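**Q** My structure is stored as my_file_6.cif, with mmCIF, C-alpha atoms.
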```
data_final
loop_
_atom_site.label_atom_id
_atom_site.label_comp_id
_atom_site.auth_asym_id
_atom_site.auth_seq_id
_atom_site.Cartn_x
_atom_site.Cartn_y
_atom_site.Cartn_z
CA MET V 16 109.74 85.40 99.72
CA THR V 17 111.48 88.78 99.96
CA THR V 18 109.62 92.08 99.96
CA LEU V 19 111.06 92.96 96.55
CA GLU V 20 109.89 89.65 95.08
CA ILE V 21 106.37 90.30 96.42
CA LEU V 22 106.42 93.81 94.94
CA LYS V 23 107.43 92.48 91.53
CA LYS V 24 104.69 89.83 91.56
CA ALA V 25 102.12 92.41 92.65
CA LYS V 26 103.07 94.76 89.83
CA ALA V 27 102.79 91.91 87.34
CA ALA V 28 99.27 91.11 88.61
CA LYS V 29 97.92 94.65 88.00
CA SER V 30 96.69 94.05 84.48
CA GLU V 31 94.93 90.79 85.39
CA ILE V 32 92.83 92.23 88.19
CA ALA V 33 92.13 95.43 86.28
CA SER V 34 90.67 93.39 83.43
CA LEU V 35 88.22 91.44 85.62
CA THR V 36 84.55 92.21 85.03
CA PRO V 37 82.34 93.29 87.94
CA ASP V 38 80.75 89.84 87.96
CA GLU V 39 84.14 88.11 88.05
CA LYS V 40 85.29 90.30 90.93
CA ASN V 41 82.13 89.56 92.89
CA LYS V 42 82.52 85.82 92.38
CA ALA V 43 86.11 86.09 93.59
CA LEU V 44 84.98 87.95 96.72
CA LEU V 45 82.35 85.33 97.51
CA SER V 46 84.94 82.59 97.09
CA MET V 47 87.28 84.48 99.46
CA ALA V 48 84.49 84.80 102.05
CA ASP V 49 83.72 81.09 101.83
CA ALA V 50 87.42 80.28 102.18
CA LEU V 51 87.60 82.22 105.45
CA ILE V 52 84.84 80.07 106.92
CA GLU V 53 86.32 76.85 105.52
CA ASN V 54 89.72 77.66 107.05
CA ALA V 55 88.42 79.11 110.33
CA ASP V 56 90.00 76.40 112.48
CA ASP V 57 93.47 77.07 111.04
CA ILE V 58 93.01 80.82 111.47
CA LEU V 59 91.90 80.44 115.09
CA LYS V 60 94.82 78.12 115.84
CA GLU V 61 97.34 80.68 114.55
CA ASN V 62 95.52 83.53 116.27
CA ALA V 63 95.71 81.71 119.60
CA LEU V 64 99.51 81.59 119.23
CA ASP V 65 99.61 85.34 118.57
CA VAL V 66 97.40 86.09 121.56
CA GLU V 67 99.41 83.87 123.90
CA ALA V 68 102.67 85.50 122.83
CA ALA V 69 101.18 88.97 123.37
CA ARG V 70 99.81 88.39 126.88
CA GLY V 71 101.62 90.46 129.45
CA ARG V 72 103.17 92.66 126.77
CA ILE V 73 100.06 94.60 125.68
CA SER V 74 96.95 95.76 127.53
CA ASP V 75 93.78 93.69 127.88
CA VAL V 76 92.04 96.17 125.59
CA MET V 77 94.64 95.54 122.88
CA ILE V 78 94.43 91.78 123.47
CA ASP V 79 90.72 92.03 122.67
CA ARG V 80 91.62 93.91 119.49
CA LEU V 81 93.99 91.11 118.50
CA SER V 82 91.72 88.19 119.39
CA LEU V 83 89.59 86.29 116.89
CA SER V 84 86.64 83.96 117.42
CA LYS V 85 84.40 82.01 115.06
CA ALA V 86 81.88 84.82 115.35
CA ARG V 87 84.50 87.43 114.39
CA ILE V 88 85.65 85.33 111.42
CA GLU V 89 82.03 85.01 110.32
CA GLY V 90 81.80 88.79 110.65
CA MET V 91 84.87 89.17 108.45
CA ALA V 92 83.29 86.92 105.82
CA ASP V 93 80.03 88.88 106.03
CA GLY V 94 82.04 92.07 105.56
CA ILE V 95 83.41 90.70 102.29
CA ARG V 96 79.90 89.66 101.18
CA ASP V 97 78.66 93.18 101.96
CA VAL V 98 81.29 94.56 99.56
CA VAL V 99 79.84 92.32 96.84
CA LYS V 100 76.52 94.16 97.17
CA LEU V 101 78.08 97.56 96.56
CA PRO V 102 78.24 99.20 93.12
CA ASP V 103 81.47 98.63 91.22
CA PRO V 104 83.49 101.87 91.44
CA VAL V 105 85.56 101.25 88.28
CA GLY V 106 84.59 102.59 84.87
CA ARG V 107 82.16 105.25 86.11
CA ILE V 108 81.91 108.32 83.88
CA LEU V 109 82.48 111.10 86.40
CA ASP V 110 82.09 113.87 83.85
CA ARG V 111 81.51 114.10 80.10
CA VAL V 112 82.12 117.07 77.84
CA GLU V 113 81.68 117.36 74.08
CA ARG V 114 83.98 120.09 72.79
CA PRO V 115 83.38 122.39 69.78
CA SER V 116 86.10 120.44 67.96
CA GLY V 117 83.91 117.35 68.15
CA ILE V 118 86.11 115.44 70.60
CA VAL V 119 84.31 113.86 73.55
CA VAL V 120 86.17 114.01 76.88
CA GLU V 121 85.15 111.51 79.55
CA LYS V 122 86.58 111.66 83.07
CA THR V 123 86.55 107.97 84.00
CA SER V 124 87.27 106.21 87.30
CA VAL V 125 90.09 103.65 87.23
CA PRO V 126 91.95 101.56 89.86
CA MET V 127 94.93 102.99 91.70
CA GLY V 128 97.01 99.94 90.78
CA VAL V 129 99.00 98.47 93.68
CA VAL V 130 97.75 99.52 97.11
CA ALA V 131 99.99 98.75 100.10
CA ILE V 132 98.60 98.79 103.63
CA ILE V 133 100.80 98.89 106.72
CA TYR V 134 98.75 98.11 109.81
CA GLU V 135 99.08 96.86 113.36
CA SER V 136 97.25 94.38 115.56
CA ARG V 137 93.76 94.05 114.08
CA PRO V 138 93.52 90.83 112.03
CA ASN V 139 90.16 91.79 110.53
CA VAL V 140 91.89 94.61 108.63
CA THR V 141 93.53 91.88 106.55
CA SER V 142 90.29 90.67 104.97
CA ASP V 143 88.66 94.12 104.82
CA ALA V 144 91.60 95.60 102.92
CA ALA V 145 91.85 92.67 100.53
CA ALA V 146 88.12 92.81 99.72
CA LEU V 147 88.06 96.55 99.09
CA ALA V 148 91.21 96.41 96.97
CA LEU V 149 89.91 93.60 94.79
CA LYS V 150 86.46 95.15 94.27
CA SER V 151 88.09 98.41 93.21
CA GLY V 152 90.37 96.59 90.76
CA ASN V 153 93.55 96.99 92.80
CA VAL V 154 96.34 94.62 93.80
CA CYS V 155 96.72 94.53 97.58
CA ILE V 156 99.99 94.22 99.50
CA LEU V 157 99.52 93.82 103.25
CA ARG V 158 102.16 94.40 105.88
CA GLY V 159 100.88 93.59 109.38
CA GLY V 160 102.54 93.93 112.76
CA LYS V 161 104.62 91.13 114.20
CA GLU V 162 102.17 90.64 117.09
CA ALA V 163 99.47 89.56 114.60
CA PHE V 164 101.62 87.98 111.90
CA LYS V 165 100.48 84.37 112.34
CA SER V 166 96.83 85.43 112.26
CA ALA V 167 97.26 87.63 109.20
CA ASN V 168 99.26 84.95 107.38
CA ALA V 169 96.53 82.37 107.97
CA ILE V 170 93.86 84.80 106.76
CA VAL V 171 95.80 85.67 103.60
CA ASN V 172 96.44 81.99 102.88
CA ALA V 173 92.70 81.38 103.10
CA LEU V 174 91.89 84.32 100.82
CA ARG V 175 94.44 83.15 98.27
CA LYS V 176 92.85 79.67 98.31
CA GLY V 177 89.55 81.31 97.45
CA LEU V 178 91.15 83.09 94.50
CA LYS V 179 92.98 80.00 93.31
CA LYS V 180 89.73 78.03 93.25
CA LEU V 181 88.51 80.39 90.50
CA GLY V 182 91.81 80.45 88.62
CA ILE V 183 92.58 84.05 89.59
CA CYS V 184 96.19 85.01 90.21
CA GLU V 185 96.87 84.70 93.94
CA ASP V 186 99.36 87.55 93.82
CA VAL V 187 96.54 90.10 93.79
CA VAL V 188 96.58 89.62 97.59
CA SER V 189 99.94 89.25 99.34
CA LEU V 190 101.32 89.52 102.87
CA ILE V 191 104.84 90.79 103.48
CA GLN V 192 106.68 88.05 105.35
CA ASP V 193 109.28 90.30 106.96
CA THR V 194 107.89 92.14 110.02
CA SER V 195 111.02 94.21 110.66
CA ARG V 196 111.22 97.96 110.08
CA GLN V 197 113.17 97.29 106.91
CA SER V 198 110.12 95.90 105.10
CA ALA V 199 108.04 98.92 106.14
CA ASN V 200 110.74 101.21 104.78
CA GLU V 201 110.86 99.21 101.55
CA LEU V 202 107.12 99.75 101.03
CA MET V 203 107.39 103.45 101.86
CA THR V 204 110.03 103.89 99.17
CA ALA V 205 108.79 101.37 96.58
CA GLU V 206 108.58 103.86 93.71
CA GLY V 207 107.50 102.18 90.51
CA TYR V 208 105.80 99.38 92.44
CA VAL V 209 103.38 100.93 94.97
CA ASP V 210 100.77 103.38 93.68
CA LEU V 211 99.23 104.21 97.08
CA LEU V 212 100.39 103.55 100.64
CA ILE V 213 97.88 103.50 103.50
CA PRO V 214 99.17 103.28 107.09
CA ARG V 215 96.55 102.15 109.59
CA GLY V 216 97.46 102.21 113.27
CA GLY V 217 98.83 104.44 115.99
CA ALA V 218 100.37 107.88 115.73
CA GLY V 219 103.93 106.50 115.58
CA LEU V 220 103.21 104.35 112.51
CA ILE V 221 101.24 107.03 110.70
CA ASN V 222 103.80 109.76 111.34
CA ALA V 223 106.65 107.50 110.23
CA CYS V 224 104.90 106.81 106.93
CA VAL V 225 103.99 110.46 106.31
CA ARG V 226 107.57 111.58 107.05
CA ASN V 227 109.43 108.87 105.18
CA ALA V 228 107.24 107.75 102.27
CA THR V 229 108.36 108.64 98.77
CA VAL V 230 105.26 106.96 97.31
CA PRO V 231 101.81 108.61 97.58
CA CYS V 232 100.61 108.18 101.18
CA ILE V 233 97.24 108.66 102.87
CA GLN V 234 97.33 110.08 106.41
CA THR V 235 94.86 107.96 108.35
CA GLY V 236 93.44 108.73 111.68
CA THR V 237 94.85 108.96 115.05
CA GLY V 238 91.56 109.61 116.80
CA ILE V 239 91.51 112.18 119.57
CA CYS V 240 87.72 112.37 119.37
CA HIS V 241 85.83 115.02 121.37
CA VAL V 242 82.29 115.19 122.71
CA TYR V 243 81.01 118.61 123.79
CA VAL V 244 77.95 118.71 126.06
CA ASP V 245 76.21 122.03 125.45
CA GLU V 246 74.21 123.98 128.03
CA SER V 247 70.93 122.96 126.36
CA ALA V 248 71.80 119.25 126.03
CA ASP V 249 69.40 116.49 127.01
CA GLN V 250 71.59 115.16 129.81
CA GLN V 251 70.28 111.60 129.75
CA LYS V 252 70.90 111.45 126.03
CA ALA V 253 74.36 112.89 126.59
CA LEU V 254 75.25 110.26 129.18
CA LYS V 255 74.10 107.48 126.86
CA ILE V 256 76.17 108.84 123.96
CA ILE V 257 79.29 109.36 126.10
CA GLU V 258 79.06 105.87 127.60
CA ASN V 259 78.87 104.36 124.13
CA ALA V 260 81.58 106.58 122.63
CA LYS V 261 84.04 105.84 125.45
CA THR V 262 83.34 102.30 126.64
CA SER V 263 81.80 100.24 123.82
CA ARG V 264 85.24 99.63 122.29
CA PRO V 265 87.91 101.96 123.68
CA SER V 266 90.73 100.51 121.56
CA VAL V 267 89.44 101.88 118.24
CA CYS V 268 90.15 105.23 116.61
CA ASN V 269 86.55 106.48 116.73
CA ALA V 270 86.29 106.10 120.52
CA GLU V 271 85.90 109.30 122.56
CA GLU V 272 89.04 110.52 124.31
CA VAL V 273 88.04 114.03 125.47
CA LEU V 274 84.85 115.36 127.07
CA LEU V 275 84.06 119.09 127.09
CA VAL V 276 81.21 120.27 129.32
CA ASN V 277 79.53 123.67 129.37
CA LYS V 278 80.21 125.48 132.68
CA ASN V 279 76.52 126.23 133.27
CA ILE V 280 75.61 122.54 133.62
CA ALA V 281 78.94 121.09 134.80
CA GLY V 282 77.93 121.11 138.48
CA GLU V 283 74.87 119.02 137.72
CA PHE V 284 76.22 116.90 134.87
CA LEU V 285 79.67 115.80 136.02
CA PRO V 286 78.44 113.94 139.16
CA LYS V 287 76.04 112.01 136.90
CA LEU V 288 78.94 111.22 134.59
CA LYS V 289 81.09 109.94 137.44
CA ALA V 290 78.24 107.83 138.78
CA LEU V 291 77.80 106.20 135.36
CA LEU V 292 81.38 105.73 134.15
CA VAL V 293 83.23 105.24 137.44
CA ASP V 294 81.03 104.29 140.39
CA GLY V 295 78.59 102.28 138.30
CA ARG V 296 81.19 100.16 136.53
CA ALA V 297 82.58 97.36 138.67
CA GLU V 298 84.46 96.09 135.64
CA ASN V 299 86.65 98.52 133.71
CA PRO V 300 85.73 101.80 135.45
CA VAL V 301 86.79 104.82 133.43
CA GLU V 302 89.63 106.92 134.82
CA LEU V 303 88.60 110.57 134.58
CA ARG V 304 91.49 112.99 134.05
CA LEU V 305 90.13 116.35 135.12
CA ASP V 306 91.08 119.93 134.37
CA PRO V 307 91.08 122.25 137.44
CA LYS V 308 87.45 123.37 137.00
CA ALA V 309 86.17 119.81 136.66
CA ALA V 310 88.28 118.75 139.67
CA GLU V 311 86.40 121.28 141.80
CA ILE V 312 83.18 119.37 141.10
CA ILE V 313 84.10 115.65 141.16
CA ASP V 314 86.98 113.45 142.23
CA GLY V 315 89.38 112.08 139.65
CA THR V 316 92.95 112.23 138.41
CA PRO V 317 94.35 115.70 137.72
CA ALA V 318 94.84 116.08 133.98
CA GLY V 319 98.49 116.06 132.94
CA GLU V 320 100.17 118.31 130.41
CA ASN V 321 99.55 115.91 127.51
CA ASP V 322 96.19 114.39 128.45
CA PHE V 323 94.21 116.54 126.02
CA ASP V 324 96.58 115.51 123.21
CA THR V 325 96.61 111.75 123.83
CA GLU V 326 94.81 108.91 122.09
CA PHE V 327 94.42 106.70 125.16
CA LEU V 328 92.82 103.65 123.46
CA ASP V 329 91.84 102.61 126.98
CA TYR V 330 89.28 103.29 129.73
CA ILE V 331 90.57 106.84 130.26
CA LEU V 332 88.72 110.08 129.53
CA ALA V 333 90.10 113.63 129.71
CA VAL V 334 87.48 116.10 130.98
CA LYS V 335 87.44 119.91 130.63
CA VAL V 336 84.87 122.55 131.58
CA VAL V 337 84.42 125.26 128.92
CA ASP V 338 82.53 128.54 128.82
CA ASP V 339 80.46 127.96 125.68
CA VAL V 340 80.35 126.38 122.23
CA LYS V 341 82.92 128.83 120.89
CA GLN V 342 85.46 127.84 123.52
CA ALA V 343 84.69 124.17 122.86
CA VAL V 344 85.34 124.66 119.14
CA ALA V 345 88.54 126.57 119.88
CA HIS V 346 89.77 123.77 122.16
CA ILE V 347 89.02 121.18 119.48
CA GLY V 348 90.85 123.30 116.91
CA ASP V 349 93.94 123.38 119.12
CA HIS V 350 93.96 119.68 120.03
CA SER V 351 92.03 117.79 117.34
CA THR V 352 93.43 115.15 115.03
CA HIS V 353 90.55 115.98 112.63
CA HIS V 354 88.92 112.57 113.01
CA SER V 355 85.48 112.67 114.69
CA ASP V 356 83.95 115.26 117.02
CA CYS V 357 80.46 115.64 118.46
CA ILE V 358 78.15 118.25 119.99
CA ILE V 359 75.21 117.25 122.16
CA THR V 360 72.69 120.09 122.11
CA ARG V 361 69.08 121.15 121.61
CA ASP V 362 70.15 124.56 120.30
CA SER V 363 70.14 124.55 116.48
CA LYS V 364 72.31 127.69 116.27
CA ASN V 365 75.01 126.09 118.44
CA ALA V 366 74.76 122.90 116.39
CA ASP V 367 75.25 124.90 113.20
CA TYR V 368 78.19 126.83 114.66
CA PHE V 369 79.83 123.56 115.72
CA THR V 370 79.36 121.77 112.39
CA GLN V 371 80.55 124.79 110.40
CA ASN V 372 83.65 125.47 112.47
CA VAL V 373 84.96 122.06 113.57
CA ASP V 374 87.37 120.98 110.83
CA SER V 375 87.17 117.20 111.16
CA ALA V 376 86.41 114.36 108.76
CA ALA V 377 83.21 113.52 110.67
CA VAL V 378 81.24 116.04 112.73
CA TYR V 379 78.29 114.79 114.76
CA VAL V 380 75.20 116.34 116.30
CA ASN V 381 73.63 114.22 119.04
CA ALA V 382 75.17 110.89 118.01
CA SER V 383 78.13 108.77 119.12
CA THR V 384 81.49 109.16 117.40
CA ARG V 385 81.56 105.36 117.18
CA PHE V 386 79.56 105.61 113.94
CA THR V 387 82.65 106.76 112.00
CA ASP V 388 83.03 103.53 110.09
CA GLY V 389 82.71 102.49 106.47
CA GLY V 390 79.95 100.00 107.19
CA GLU V 391 77.95 102.45 109.30
CA PHE V 392 78.25 105.09 106.56
CA GLY V 393 77.01 102.64 103.94
CA LEU V 394 80.40 102.23 102.27
CA GLY V 395 80.95 98.57 103.22
CA CYS V 396 84.07 97.74 105.20
CA GLU V 397 86.72 100.44 105.13
CA MET V 398 90.42 100.73 104.36
CA GLY V 399 90.89 103.28 107.14
CA ILE V 400 89.78 106.74 108.23
CA SER V 401 91.55 109.50 106.33
CA THR V 402 92.07 112.67 108.36
CA GLN V 403 93.62 114.61 105.49
CA LYS V 404 91.83 116.42 102.68
CA LEU V 405 93.53 115.12 99.53
CA HIS V 406 92.37 112.91 97.90
CA ALA V 407 90.21 111.15 100.46
CA ARG V 408 88.62 112.19 103.76
CA GLY V 409 86.78 110.12 106.35
CA PRO V 410 86.09 106.39 105.93
CA MET V 411 87.91 105.14 102.84
CA GLY V 412 85.61 102.89 100.87
CA LEU V 413 85.67 101.72 97.28
CA CYS V 414 85.52 105.07 95.53
CA GLU V 415 88.47 106.35 97.54
CA LEU V 416 90.57 103.48 96.16
CA THR V 417 90.11 104.69 92.61
CA THR V 418 91.60 107.58 90.70
CA TYR V 419 90.55 108.81 87.27
CA LYS V 420 91.84 109.38 83.81
CA PHE V 421 90.53 111.30 80.84
CA ILE V 422 89.44 109.20 77.86
CA ILE V 423 89.08 111.26 74.71
CA ARG V 424 87.18 110.00 71.67
CA GLY V 425 87.45 111.63 68.29
CA ASP V 426 87.02 111.06 64.58
CA GLY V 427 90.21 112.35 63.02
CA GLN V 428 90.26 115.77 64.70
CA ILE V 429 93.59 117.65 64.81
CA ARG V 430 94.48 120.81 66.72
#
```
Kindly present the structure from the file in structure tokens form.

**A**
Amino acid sequence: MTTLEILKKAKAAKSEIASLTPDEKNKALLSMADALIENADDILKENALDVEAARGRISDVMIDRLSLSKARIEGMADGIRDVVKLPDPVGRILDRVERPSGIVVEKTSVPMGVVAIIYESRPNVTSDAAALALKSGNVCILRGGKEAFKSANAIVNALRKGLKKLGICEDVVSLIQDTSRQSANELMTAEGYVDLLIPRGGAGLINACVRNATVPCIQTGTGICHVYVDESADQQKALKIIENAKTSRPSVCNAEEVLLVNKNIAGEFLPKLKALLVDGRAENPVELRLDPKAAEIIDGTPAGENDFDTEFLDYILAVKVVDDVKQAVAHIGDHSTHHSDCIITRDSKNADYFTQNVDSAAVYVNASTRFTDGGEFGLGCEMGISTQKLHARGPMGLCELTTYKFIIRGDGQIR
């Protein structure tokens, strides 16, 4: 099926999904979750073909991002079931005003319509996006990367089986079959068909969509996430947070990429950091890319010109020594992608300065940046992390997939 044919079918399905009751949507989601489990063997078979084709062409970290297992499929199904438990975002009265004329104006949440998602090599995004779109009353068009196409296609086929079982139009969830750049361009310029475009992936994909889209587009997050260790920090706590933020899953956008350390503790702290992340890790030691001041204290790789502006998505950490919290905030302002940044401190004034002056979607005090996630924020699975300010910022859950309209009720009033 061509991209245009999918777009036409998606547009035609808008009214059907918008008319579903909250109970009907929840039943559909549960059926989709069950279908994932029932079709797990087929999904794993197709995923194995994707993984085998990708070996040697992408890093081991990215292979892990691409790979599925029964446990991960069960996690995807649980993610859909978690969405069922969330309040329905459609039909909420956001504001209500009764005017002197007698008319009643209600600002009411409504679905976006057709939401298109262009994403790369994470198959779980397929089910997350479909679940969030359906719960928020939207039609979902998915366009995955070629390296994960077989996996995504198998997942979408399973989800559509779940919908079909309940007699719901399967076209509310579709996967673009063409993985060339042409199909991406068609979605970016699908005026009259796509109501919102969400790119989810690396900087190249996101920038291409922001530059070329003629449909409304959300700028989601390239994550150059910073952790600043303040002079007053509990150093053991800091080491624990940094280890988690950098190494628990380095291929995701909320992983730490840059470490800033106060100069007054750098001589004591950086050797501890190296012992933990480099010397103490026989498997996947972290490569430390050091600014000149840090290089005077520990051994590592000299930081290159672009290392403080790079989303490594790997076991690499850029390290800089700074004078104080103000210099840390200034550095973040110059290099941030406005995703997630953290201060580790016991000084409440420095914490307040950091949270007030770092202009990112998520700003942390004494906690890992890895918490920037829809599920961890209580939003259910997420559509992506928005690093812009209009209309959504941070993890995009159900409410961020709705817009609003004004419904005005009267009794014959004229102006």

**Q** Extract, using all atoms listed in the file, all DNA, RNA and protein residues at most 9 Å from Ala281 of chain V, discarding same-chain residues fewer than 5 positions from it, and format them as a list in words.

**A**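 In the requested form, the answer reads Glu246, Val276, Pro286, Ala309, Ile312 and Val336 of chain V.
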
**Q** Name the residues captured by the PyMOL selection byres ((chain V and resi 328) around 8) when it is applied to the shown file; answer as a ChimeraX atom specification.

**A** /V:76,265-268,270,272,326-327,329-331

**Q** Would you write out, as a tab-separated table, a table of all residues in segment 267-336 of chain V that have an atom no more than 8 Å from an atom of segment 249-258 of chain V, listing for each the closest atom pair and the distance in Å to one decimal, considering all atoms listed in the file and ordering rows by chain and rising residue number?

**A**
```
residue	atom	partner	partner_atom	distance
V:Glu271	CA	V:Ile257	CA	7.5
V:Phe284	CA	V:Gln250	CA	7.1
V:Lys287	CA	V:Leu254	CA	8.0
V:Leu288	CA	V:Leu254	CA	6.6
V:Leu291	CA	V:Leu254	CA	7.8
V:Leu292	CA	V:Glu258	CA	7.0
```

**Q** Evaluating the PyMOL selection byres ((chain V and resi 65-72) around 10) on the displayed file yields which residues, as a JSON list (two decimals) with C-alpha atoms, in the frame of the given file?

**A**
```json
[["chain", "number", "residue", "atom", "x", "y", "z"],
["V", 59, "LEU", "CA", 91.90, 80.44, 115.09],
["V", 60, "LYS", "CA", 94.82, 78.12, 115.84],
["V", 61, "GLU", "CA", 97.34, 80.68, 114.55],
["V", 62, "ASN", "CA", 95.52, 83.53, 116.27],
["V", 63, "ALA", "CA", 95.71, 81.71, 119.60],
["V", 64, "LEU", "CA", 99.51, 81.59, 119.23],
["V", 73, "ILE", "CA", 100.06, 94.60, 125.68],
["V", 74, "SER", "CA", 96.95, 95.76, 127.53],
["V", 75, "ASP", "CA", 93.78, 93.69, 127.88],
["V", 77, "MET", "CA", 94.64, 95.54, 122.88],
["V", 78, "ILE", "CA", 94.43, 91.78, 123.47],
["V", 79, "ASP", "CA", 90.72, 92.03, 122.67],
["V", 80, "ARG", "CA", 91.62, 93.91, 119.49],
["V", 81, "LEU", "CA", 93.99, 91.11, 118.50],
["V", 82, "SER", "CA", 91.72, 88.19, 119.39],
["V", 83, "LEU", "CA", 89.59, 86.29, 116.89],
["V", 136, "SER", "CA", 97.25, 94.38, 115.56],
["V", 161, "LYS", "CA", 104.62, 91.13, 114.20],
["V", 162, "GLU", "CA", 102.17, 90.64, 117.09],
["V", 163, "ALA", "CA", 99.47, 89.56, 114.60],
["V", 164, "PHE", "CA", 101.62, 87.98, 111.90],
["V", 165, "LYS", "CA", 100.48, 84.37, 112.34],
["V", 166, "SER", "CA", 96.83, 85.43, 112.26],
["V", 167, "ALA", "CA", 97.26, 87.63, 109.20]]
```

**Q** The PyMOL selection byres ((chain V and resi 41) around 9) - which residues does that actually catch in the file I just gave you? List them as a list of chain:residue names.

**A**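 What the PyMOL selection byres ((chain V and resi 41) around 9) grabs from the file is V:Thr36, V:Pro37, V:Asp38, V:Glu39, V:Lys40, V:Lys42, V:Ala43, V:Leu44, V:Leu45, V:Ser46, V:Arg96, V:Val98, V:Val99, V:Lys100, V:Leu149, V:Lys150.
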
**Q** Please identify all polymer residues within 7 Å of segment 364-376 of chain V, counting all atoms listed in the file, omitting same-chain residues fewer than 4 positions from it, and present them as a list in words.

**A** Val340, Val344, Gly348, His353, His354, Ser355, Asp356, Ile358, Thr360, Val380, Thr402, Arg408 and Gly409 of chain V

**Q** Got a sec: who's within 12 Å of Arg87 of chain V, counting only C-alpha atoms, leaving out chain neighbours fewer than 2 positions off, as a list of chain:residue names?

**A**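 The contact residues come out as V:Leu51, V:Ile52, V:Ala55, V:Ile58, V:Leu59, V:Asn62, V:Asp79, V:Arg80, V:Leu81, V:Ser82, V:Leu83, V:Ser84, V:Lys85, V:Glu89, V:Gly90, V:Met91, V:Ala92, V:Asp93, V:Gly94, V:Arg137, V:Pro138, V:Asn139, V:Val140, V:Ser142.
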
**Q** Convert the current residue selection to file output with C-alpha atoms, as an mmCIF file, in the coordinates of the input.

**A**
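To be explicit, this is the file written out as out-v9.cif:
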```cif
data_model
loop_
_atom_site.group_PDB
_atom_site.id
_atom_site.type_symbol
_atom_site.label_atom_id
_atom_site.label_comp_id
_atom_site.auth_asym_id
_atom_site.auth_seq_id
_atom_site.Cartn_x
_atom_site.Cartn_y
_atom_site.Cartn_z
ATOM 1 C CA LEU V 51 87.600 82.220 105.450
ATOM 2 C CA ILE V 52 84.840 80.070 106.920
ATOM 3 C CA ALA V 55 88.420 79.110 110.330
ATOM 4 C CA ILE V 58 93.010 80.820 111.470
ATOM 5 C CA LEU V 59 91.900 80.440 115.090
ATOM 6 C CA ASN V 62 95.520 83.530 116.270
ATOM 7 C CA ASP V 79 90.720 92.030 122.670
ATOM 8 C CA ARG V 80 91.620 93.910 119.490
ATOM 9 C CA LEU V 81 93.990 91.110 118.500
ATOM 10 C CA SER V 82 91.720 88.190 119.390
ATOM 11 C CA LEU V 83 89.590 86.290 116.890
ATOM 12 C CA SER V 84 86.640 83.960 117.420
ATOM 13 C CA LYS V 85 84.400 82.010 115.060
ATOM 14 C CA GLU V 89 82.030 85.010 110.320
ATOM 15 C CA GLY V 90 81.800 88.790 110.650
ATOM 16 C CA MET V 91 84.870 89.170 108.450
ATOM 17 C CA ALA V 92 83.290 86.920 105.820
ATOM 18 C CA ASP V 93 80.030 88.880 106.030
ATOM 19 C CA GLY V 94 82.040 92.070 105.560
ATOM 20 C CA ARG V 137 93.760 94.050 114.080
ATOM 21 C CA PRO V 138 93.520 90.830 112.030
ATOM 22 C CA ASN V 139 90.160 91.790 110.530
ATOM 23 C CA VAL V 140 91.890 94.610 108.630
ATOM 24 C CA SER V 142 90.290 90.670 104.970
#
```

**Q** For Phe386 of chain V, which residue out of V:Cys414, V:Ala248, V:Lys308, V:Ile400 is the nearest one, using all atoms listed in the file?

**A** V:Ile400

**Q** Pick the closest to Ile347 of chain V from V:His241, V:Cys224, V:Ala218, V:Ala148: which is it, counting only C-alpha atoms?

**A** V:His241

**Q** Around all the atoms of segment 277-286 of chain V listed in the file, draw an axis-aligned box and extend it by 5 Å on each of the six sides; I want its centre and edge lengths in Å to one decimal, as lines of an AutoDock Vina configuration file.

**A**
```
center_x = 77.5
center_y = 120.1
center_z = 134.3
size_x = 15.3
size_y = 22.3
size_z = 19.8
```

**Q** Near Gly427 of chain V, counting all atoms listed in the file, which residues have an atom at most 12 Å away, once you skip same-chain residues fewer than 4 positions from it, shown as a PyMOL selection string?

**A** chain V and resi 116-118+423

**Q** Report, in Å to a single decimal, how far apart atom CA of Gly106 of chain V and atom CA of Pro231 of chain V are.

**A**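 These atoms are spaced 22.2 Å apart.
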
**Q** Report the distance between atom CA of Pro317 of chain V and atom CA of Ala345 of chain V in Å, rounded to one decimal place.

**A** 21.7 Å
